[in-house]
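Have a look at the structure below, then the notes.
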Amino acid sequence: GLNYRKTAINEITKRAPKKCGPTDPLKKIWATDVFSLAAMEEALSKNAFKAMKKTVQTGSPLDTATADVVAAAMKDWAMEKGAKFFSHIFYPMTNITAEKHDGFIVTNSDGGAITEFTGSLLIKGEPDGSSFPNGSLRMTNAARGYTAWDPSSPAYVMHTDNGATLMIPSVFMSWTGEALDKKIPLLRSNKAMDKAAQKVLSLMGETEIATLNSSCGAEQEYFLVDEHFANARPDLVLAGRTLFGAAPAKGQQFDDHYFGAIPARVQVFMQDFEDKLYRLGIPAKTHHNEVAPGQFEIAPYFEAANVAADHQQMMMTLMKSTAKEHGFLCLLHEKPFAGVNGSGKHVNWSVGNSTQGNLLDPGSTPHDNLNFLLFCGAVIRGVHKFGPLLRAVIASAANDHRLGANEAPPAILSVYLGTQLESVFNDIKEGKLLEKAKGGLMDLGLSQILQFERDPGDRNRTSPFAFTGNRFEFRAVGSSQSVSGPLVAMNTMLADSLNWIAEKLEVVLAKGEDKTAAVITVLQELMEEHGNVIFGGDGYSSEWHRAAVEERGLKNIPTTADALPAFKDPSVVELFKSTGVLSPAELASRFEVYAEQYVLSIEVEAKLVVGMASTRIYPATIQYLDSLASAATNLSKLNISISHNSIDTVVAETDAMMAAVTKLQAAIDIEEFDSEEAHMDHCAKVLCPLMLEVRTHADALELIVSDDLWPLAKYQEMLFIK
Ligand code: ADP
Ligand code: MG
């Protein structure tokens, strides 16, 4: 019969890497497909450009006349690059990117084709809102939604096999103005953070304070698997991860005989991919092999959070499509292979402006130090107060497999500061720095934090949330996730903490305390309440899992089912409401959408497990049993008897596997649940363990059944791509 796996191996051995000639110099390709400020300056009149620049930089609205001028110039620019279509591109509440393409074409009364692109088409679009998840917002509003241009993220031309399209980054909202996407909350969270930071900085005596923005640099991990293997594995194609597969023997030397050509293929893929990114103005900066075989990482240079988030989405889309052109399936799943390192997306985050610079950089004078200490303290308070929220924004069925799995951050949110900074904050907590401050010692010994070792040796890889010299790195984010959710949570918790700090500072300063003493006084109170979240030890250790919960009162939240209800917590509802980032209705809709996503992805996996076990693995084991049985029969005719041990084992494992399949199917068939929470619990506590039970027996069979008959590509075959 047809063995998909053997066919795949055959095809792969015949394949040569896709050719990729010498590429153009960076200068020639950099941002050529972006309608950047430079491109606008060239295309627009002086006045129109001035108005547009103001809009880009401050978000001030564009008047209709100028919008028409900008739209016409944008159309001409895009058409010159071959675009016949334009599309508002937006980011619904799921992790996907959505588009709706329209032609520039209109016909005139003579039946001739002319093109048109007005300011109103640029500014507003109307996709069919009903085809995107709205949560409860669908109930309270008409299904209609509309998209609106976000001028703070540049338009660009995307080239695909179907031609070129002018892409217009947009927000997506309901007819009554509720956020249906991931961009609106991000923009609002920046605003809330700016407002709160302004208060703190002016209390600190800063006179000129430019608008603050958050920055993001995201490191993206991914796996590449040859498409032939992927096509032979419905679990990889439909669920993005292997639902079956025995671990290769420990220390096994993989046989690289078949795969000699593959490293070259990956090189060629990366070069092709990065050139595409450069044309789109995405500053791809580093790439390298990751720990696991077949795993890689790419990290662009950091940018303004809103632009970085759009670029991140674009990168994920391009990564998959470019991989396909090179004969790979690109897996962004957090845990494609059990027992092998998973994939994360480290979100590096800082806040700053053009007048005070990066507020998470300790700077080089004691004065800078005070601002830095306040902002750093604000982050500490935020992670402590809203740890469960941070866990909720990174919760997904896929990321649950990674968090707490001893090669990824634990599912307990703590902050790593590094030895020096941790001791500064401990001194603050113990009142030591306050004594010095009252004694009028301006530099307080804070100069020690100026000599930060930015040495990776000081990094704690086991922390989910680490200070890394001039930024925080949220390491628990999953590889397939949008960076917006984490950025929104971080900006908003920071806004809340800065508001708290401003209130306290104002009171202490009013008492006539000097600035340094006032800062230390406020931070001492902050540390007393929130210092428990600081942890510099081994986050993987079982001792930490115990101590974090029992001694520190932190929460260990293992699954999405446990994590998502944080969105309903009154303190979280109040956080988003008071900062104006999400209304209670908008927040509630997010809970609904994420819960539904969780349930759907686990149900798809459960059905795949039933299907693959019944129609692929079971037939293969029966065929194997048949050959064992006939060998035994034939041998007995010659009066030779053979031990039945292996036959017995295959029978026992096959029976056990199919018994688990029956239980799993029965659990899938349960459809009535009292609440979303109950439905999620059923997935986490019933479906997941049963899937694992089926898998355990199937994986045992993989190690016994004849290699010739085994239908699924094996781990060592799929992984050995380096
Ligand atoms: P590592 O693997 O050591 O964590 P990388 O160099 O791979 O570091 O990635 C670090 C990421 O952090 C890059 O995207 C980088 O541009 C980004 N980054 C650096 N400084 C800042 C900052 N101040 N704010 C936000 N991101 C930053
Ligand atoms: Mg990193």
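If you're wondering about the labels, chains in the structure tokens are A, B, ... by order shown, residues count from 1 in each chain, ligands from 1 in order shown.
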
If you count only C-alpha atoms, which residues fall within 9 Å of segment 644-651 of chain A, apart from same-chain ones fewer than 4 positions away, as a count of residues only? 13

Please return as a list of chain:residue names the residues found within 7 Å of ligand 2, counting only C-alpha atoms and all ligand atoms.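 Written in the requested form, the residues are A:Glu219, A:His346, A:Glu473.
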
Using only C-alpha atoms and all ligand atoms, find each protein or nucleic acid residue lying at most 6 Å from ligand 1; present the set as a ChimeraX atom specification. /A:215-219,299-302,348-350,470-471

Can you write out the residues you just picked, keeping N, CA and C atoms, as an mmCIF file, in the first residue's frame?
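Okay, this is what ended up in result38.cif:
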```cif
data_model
loop_
_atom_site.group_PDB
_atom_site.id
_atom_site.type_symbol
_atom_site.label_atom_id
_atom_site.label_comp_id
_atom_site.auth_asym_id
_atom_site.auth_seq_id
_atom_site.Cartn_x
_atom_site.Cartn_y
_atom_site.Cartn_z
ATOM 1 N N SER A 215 8.296 50.882 23.210
ATOM 2 C CA SER A 215 9.061 50.242 22.139
ATOM 3 C C SER A 215 9.020 48.738 22.317
ATOM 4 N N CYS A 216 9.154 48.042 21.197
ATOM 5 C CA CYS A 216 9.117 46.582 21.256
ATOM 6 C C CYS A 216 10.099 45.981 20.263
ATOM 7 N N GLY A 217 10.883 45.044 20.747
ATOM 8 C CA GLY A 217 11.723 44.229 19.873
ATOM 9 C C GLY A 217 11.406 42.778 20.197
ATOM 10 N N ALA A 218 10.853 42.046 19.247
ATOM 11 C CA ALA A 218 10.378 40.683 19.537
ATOM 12 C C ALA A 218 11.282 39.649 18.885
ATOM 13 N N GLU A 219 11.757 38.716 19.687
ATOM 14 C CA GLU A 219 12.566 37.615 19.145
ATOM 15 C C GLU A 219 11.637 36.448 18.841
ATOM 16 N N ALA A 299 15.249 37.982 14.940
ATOM 17 C CA ALA A 299 14.880 39.135 15.755
ATOM 18 C C ALA A 299 15.133 40.423 14.989
ATOM 19 N N PRO A 300 14.089 41.199 14.751
ATOM 20 C CA PRO A 300 14.305 42.518 14.165
ATOM 21 C C PRO A 300 14.764 43.501 15.227
ATOM 22 N N TYR A 301 15.361 44.602 14.812
ATOM 23 C CA TYR A 301 15.724 45.684 15.711
ATOM 24 C C TYR A 301 14.439 46.298 16.257
ATOM 25 N N PHE A 302 14.473 46.797 17.504
ATOM 26 C CA PHE A 302 13.233 47.276 18.105
ATOM 27 C C PHE A 302 12.715 48.570 17.466
ATOM 28 N N ASN A 348 10.754 42.207 24.091
ATOM 29 C CA ASN A 348 11.589 43.228 24.749
ATOM 30 C C ASN A 348 10.829 44.542 24.711
ATOM 31 N N TRP A 349 10.713 45.176 25.864
ATOM 32 C CA TRP A 349 9.811 46.321 25.981
ATOM 33 C C TRP A 349 10.449 47.426 26.816
ATOM 34 N N SER A 350 10.326 48.637 26.345
ATOM 35 C CA SER A 350 10.776 49.786 27.128
ATOM 36 C C SER A 350 9.862 50.962 26.805
ATOM 37 N N ASN A 470 18.410 47.718 29.835
ATOM 38 C CA ASN A 470 17.729 48.964 29.491
ATOM 39 C C ASN A 470 16.299 48.700 29.046
ATOM 40 N N ARG A 471 15.772 47.534 29.409
ATOM 41 C CA ARG A 471 14.431 47.133 28.992
ATOM 42 C C ARG A 471 13.997 45.930 29.812
#
```

Given only C-alpha atoms as the counted atoms, nearest of A:Leu635, A:Val483, A:Leu122, A:Leu709 to Thr66 of chain A: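 Closest to Thr66 of chain A, using only C-alpha atoms: A:Leu122.
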
I want to know what sits within 10 Å of segment 104-107 of chain A, based on only C-alpha atoms, with residues of the same chain fewer than 5 positions away left out; could you give that as a list in words?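 My reading of the contact set: Lys75, Met79, Ala83, Lys84, Phe85, Phe86, Gly112, Ala113, Ile114, Thr115, Glu116, Phe117, Thr118, Thr165 and Leu166 of chain A.
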
Would you work out the distance separating atom CA of Glu676 of chain A from atom CA of Asn556 of chain A, expressed in Å to one decimal?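 For atom CA of Glu676 of chain A relative to atom CA of Asn556 of chain A, the distance reads 21.3 Å.
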
Pick out the residues sitting within 12 Å of Asn371 of chain A, and hand them over as a PyMOL selection string; count only C-alpha atoms, and ignore anything fewer than 4 positions along from it in its own chain. chain A and resi 197-198+200-206+351-352+356-367+375-378+498+501+515-516+519-520+523

Between A:Ala495, A:Ala666, A:Val415, A:Ala566, which has the minimum distance to Phe535 of chain A (counting only C-alpha atoms)?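 Looking only at the distances to Phe535 of chain A, the closest residue turns out to be A:Val415.
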
Using Å and a single decimal, report how far atom CA of Leu44 of chain A sits from atom CA of Thr355 of chain A.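 That distance, rounded to one decimal, is 29.5 Å.
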
So that I can see what lies close to His384 of chain A, please list as a VMD selection string the residues with an atom at most 12 Å from it, counting only C-alpha atoms and leaving out residues fewer than 5 positions away in the same chain. chain A and resid 377 to 379 389 to 391 412 to 415 465 490 493 to 494 497 526 to 535 548 552 to 555

DSSP-assigned alpha helix (DSSP H) among segment 64-266 of chain A, expressed as a VMD selection string: chain A and resid 64 to 80 119 to 123 137 to 140 183 to 203 227 to 231 234 to 239 262 to 266

Enumerate as number ranges by chain all residues of segment 33-159 of chain A assigned to strand (DSSP E or B) by DSSP on the backbone, naming them with the chain letters and numbers the document uses. A: 34, 83-90, 92, 98-103, 105-107, 113-115, 124-125, 145-149, 156-159

Could those residues be written to a file, using N, CA and C atoms, as a short mmCIF file (atom, residue, chain, number, x, y, z; two decimals), in the first residue's frame?
```
data_model
loop_
_atom_site.label_atom_id
_atom_site.label_comp_id
_atom_site.auth_asym_id
_atom_site.auth_seq_id
_atom_site.Cartn_x
_atom_site.Cartn_y
_atom_site.Cartn_z
N VAL A 34 7.75 50.78 0.97
CA VAL A 34 7.04 51.47 2.06
C VAL A 34 6.75 52.92 1.67
N ALA A 83 0.79 47.86 -8.21
CA ALA A 83 -0.44 47.56 -7.46
C ALA A 83 -1.68 47.95 -8.26
N LYS A 84 -2.65 47.04 -8.29
CA LYS A 84 -3.93 47.36 -8.90
C LYS A 84 -5.02 47.37 -7.82
N PHE A 85 -4.66 46.85 -6.66
CA PHE A 85 -5.62 46.74 -5.56
C PHE A 85 -5.11 47.46 -4.32
N PHE A 86 -6.04 47.77 -3.44
CA PHE A 86 -5.64 48.27 -2.13
C PHE A 86 -6.41 47.50 -1.07
N SER A 87 -5.88 47.47 0.12
CA SER A 87 -6.54 46.74 1.19
C SER A 87 -6.25 47.37 2.54
N HIS A 88 -7.31 47.54 3.32
CA HIS A 88 -7.08 47.86 4.73
C HIS A 88 -6.65 46.56 5.39
N ILE A 89 -5.58 46.61 6.14
CA ILE A 89 -5.09 45.40 6.82
C ILE A 89 -5.33 45.63 8.30
N PHE A 90 -5.93 44.60 8.97
CA PHE A 90 -6.27 44.81 10.38
C PHE A 90 -6.11 43.53 11.17
N PRO A 92 -7.83 41.32 13.93
CA PRO A 92 -8.95 40.92 14.78
C PRO A 92 -8.47 40.34 16.12
N ALA A 98 -6.05 40.22 8.99
CA ALA A 98 -7.15 40.15 8.03
C ALA A 98 -7.03 41.25 6.99
N GLU A 99 -7.53 40.97 5.81
CA GLU A 99 -7.44 41.93 4.70
C GLU A 99 -8.73 41.92 3.92
N LYS A 100 -9.05 43.03 3.29
CA LYS A 100 -10.13 43.03 2.31
C LYS A 100 -9.67 43.84 1.13
N HIS A 101 -9.54 43.17 -0.01
CA HIS A 101 -8.95 43.82 -1.17
C HIS A 101 -10.01 44.47 -2.05
N ASP A 102 -9.71 45.66 -2.54
CA ASP A 102 -10.57 46.34 -3.49
C ASP A 102 -9.72 46.87 -4.62
N GLY A 103 -10.29 46.90 -5.83
CA GLY A 103 -9.53 47.42 -6.96
C GLY A 103 -9.52 48.94 -6.96
N ILE A 105 -9.78 50.26 -9.66
CA ILE A 105 -10.45 50.49 -10.94
C ILE A 105 -11.89 50.98 -10.75
N VAL A 106 -12.28 51.93 -11.57
CA VAL A 106 -13.69 52.27 -11.78
C VAL A 106 -13.85 52.48 -13.28
N THR A 107 -15.08 52.33 -13.79
CA THR A 107 -15.24 52.56 -15.22
C THR A 107 -15.90 53.91 -15.43
N ALA A 113 -11.60 52.05 -18.47
CA ALA A 113 -11.17 51.82 -17.09
C ALA A 113 -10.30 52.97 -16.62
N ILE A 114 -10.70 53.61 -15.54
CA ILE A 114 -9.83 54.60 -14.91
C ILE A 114 -9.62 54.16 -13.46
N THR A 115 -8.76 54.83 -12.77
CA THR A 115 -8.54 54.43 -11.38
C THR A 115 -8.91 55.58 -10.45
N LYS A 124 -11.39 55.02 5.55
CA LYS A 124 -12.38 54.11 6.13
C LYS A 124 -12.73 52.96 5.18
N GLY A 125 -12.82 51.76 5.72
CA GLY A 125 -13.23 50.61 4.94
C GLY A 125 -14.32 49.85 5.66
N GLY A 145 -18.84 46.07 11.12
CA GLY A 145 -17.68 46.70 11.70
C GLY A 145 -17.01 47.51 10.61
N TYR A 146 -16.18 48.42 10.98
CA TYR A 146 -15.43 49.10 9.93
C TYR A 146 -13.98 49.30 10.32
N THR A 147 -13.17 49.48 9.30
CA THR A 147 -11.74 49.67 9.51
C THR A 147 -11.41 51.13 9.29
N ALA A 148 -10.43 51.63 10.02
CA ALA A 148 -10.01 53.02 9.85
C ALA A 148 -8.49 53.09 9.82
N TRP A 149 -7.99 53.86 8.91
CA TRP A 149 -6.56 54.02 8.67
C TRP A 149 -5.84 54.46 9.94
N TYR A 156 2.18 50.29 2.72
CA TYR A 156 3.24 49.63 1.94
C TYR A 156 2.61 48.80 0.83
N VAL A 157 3.45 48.38 -0.11
CA VAL A 157 2.97 47.51 -1.19
C VAL A 157 3.44 46.10 -0.92
N MET A 158 2.50 45.15 -0.93
CA MET A 158 2.84 43.75 -0.71
C MET A 158 2.78 43.02 -2.05
N HIS A 159 3.90 42.37 -2.40
CA HIS A 159 3.94 41.61 -3.65
C HIS A 159 3.66 40.15 -3.36
#
```

Excluding Pro154 of chain A and residues on its chain fewer than 6 positions from it, collect all residues at most 10 Å away from it, counting only C-alpha atoms, and give them as number ranges by chain. A: 34-37, 56, 167-169, 280-281, 307, 310

Keeping N, CA and C atoms for every residue in the selection just given, could you write it to a file as a PDB file, in the first residue's frame?
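Writing the result to part22.pdb gives the following:
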```
ATOM      1  N   VAL A  34       7.747  50.779   0.972  1.00  0.00           N
ATOM      2  CA  VAL A  34       7.040  51.466   2.055  1.00  0.00           C
ATOM      3  C   VAL A  34       6.746  52.916   1.669  1.00  0.00           C
ATOM      4  N   PHE A  35       5.513  53.334   1.924  1.00  0.00           N
ATOM      5  CA  PHE A  35       5.158  54.734   1.704  1.00  0.00           C
ATOM      6  C   PHE A  35       5.584  55.500   2.953  1.00  0.00           C
ATOM      7  N   SER A  36       6.892  55.665   3.057  1.00  0.00           N
ATOM      8  CA  SER A  36       7.505  56.251   4.254  1.00  0.00           C
ATOM      9  C   SER A  36       7.397  57.773   4.203  1.00  0.00           C
ATOM     10  N   LEU A  37       7.822  58.417   5.266  1.00  0.00           N
ATOM     11  CA  LEU A  37       7.842  59.884   5.265  1.00  0.00           C
ATOM     12  C   LEU A  37       8.679  60.403   4.093  1.00  0.00           C
ATOM     13  N   VAL A  56       1.156  61.792  11.247  1.00  0.00           N
ATOM     14  CA  VAL A  56       1.958  60.598  11.540  1.00  0.00           C
ATOM     15  C   VAL A  56       2.558  60.694  12.939  1.00  0.00           C
ATOM     16  N   MET A 167      -1.207  48.117   0.906  1.00  0.00           N
ATOM     17  CA  MET A 167      -1.727  47.718   2.212  1.00  0.00           C
ATOM     18  C   MET A 167      -1.779  48.933   3.136  1.00  0.00           C
ATOM     19  N   ILE A 168      -2.930  49.100   3.779  1.00  0.00           N
ATOM     20  CA  ILE A 168      -3.127  50.257   4.644  1.00  0.00           C
ATOM     21  C   ILE A 168      -3.394  49.782   6.079  1.00  0.00           C
ATOM     22  N   PRO A 169      -2.407  49.918   6.975  1.00  0.00           N
ATOM     23  CA  PRO A 169      -2.602  49.464   8.359  1.00  0.00           C
ATOM     24  C   PRO A 169      -3.802  50.187   8.985  1.00  0.00           C
ATOM     25  N   LEU A 280      10.211  45.758   2.913  1.00  0.00           N
ATOM     26  CA  LEU A 280       9.043  46.259   3.635  1.00  0.00           C
ATOM     27  C   LEU A 280       9.439  47.122   4.838  1.00  0.00           C
ATOM     28  N   GLY A 281      10.708  47.435   4.934  1.00  0.00           N
ATOM     29  CA  GLY A 281      11.155  48.313   6.011  1.00  0.00           C
ATOM     30  C   GLY A 281      11.159  47.648   7.378  1.00  0.00           C
ATOM     31  N   VAL A 307       4.165  50.025  15.539  1.00  0.00           N
ATOM     32  CA  VAL A 307       4.760  49.628  14.261  1.00  0.00           C
ATOM     33  C   VAL A 307       5.364  48.224  14.395  1.00  0.00           C
ATOM     34  N   ASP A 310       2.652  45.624  14.106  1.00  0.00           N
ATOM     35  CA  ASP A 310       2.241  45.402  12.713  1.00  0.00           C
ATOM     36  C   ASP A 310       3.301  44.610  11.958  1.00  0.00           C
TER      37      ASP A 310
END
```
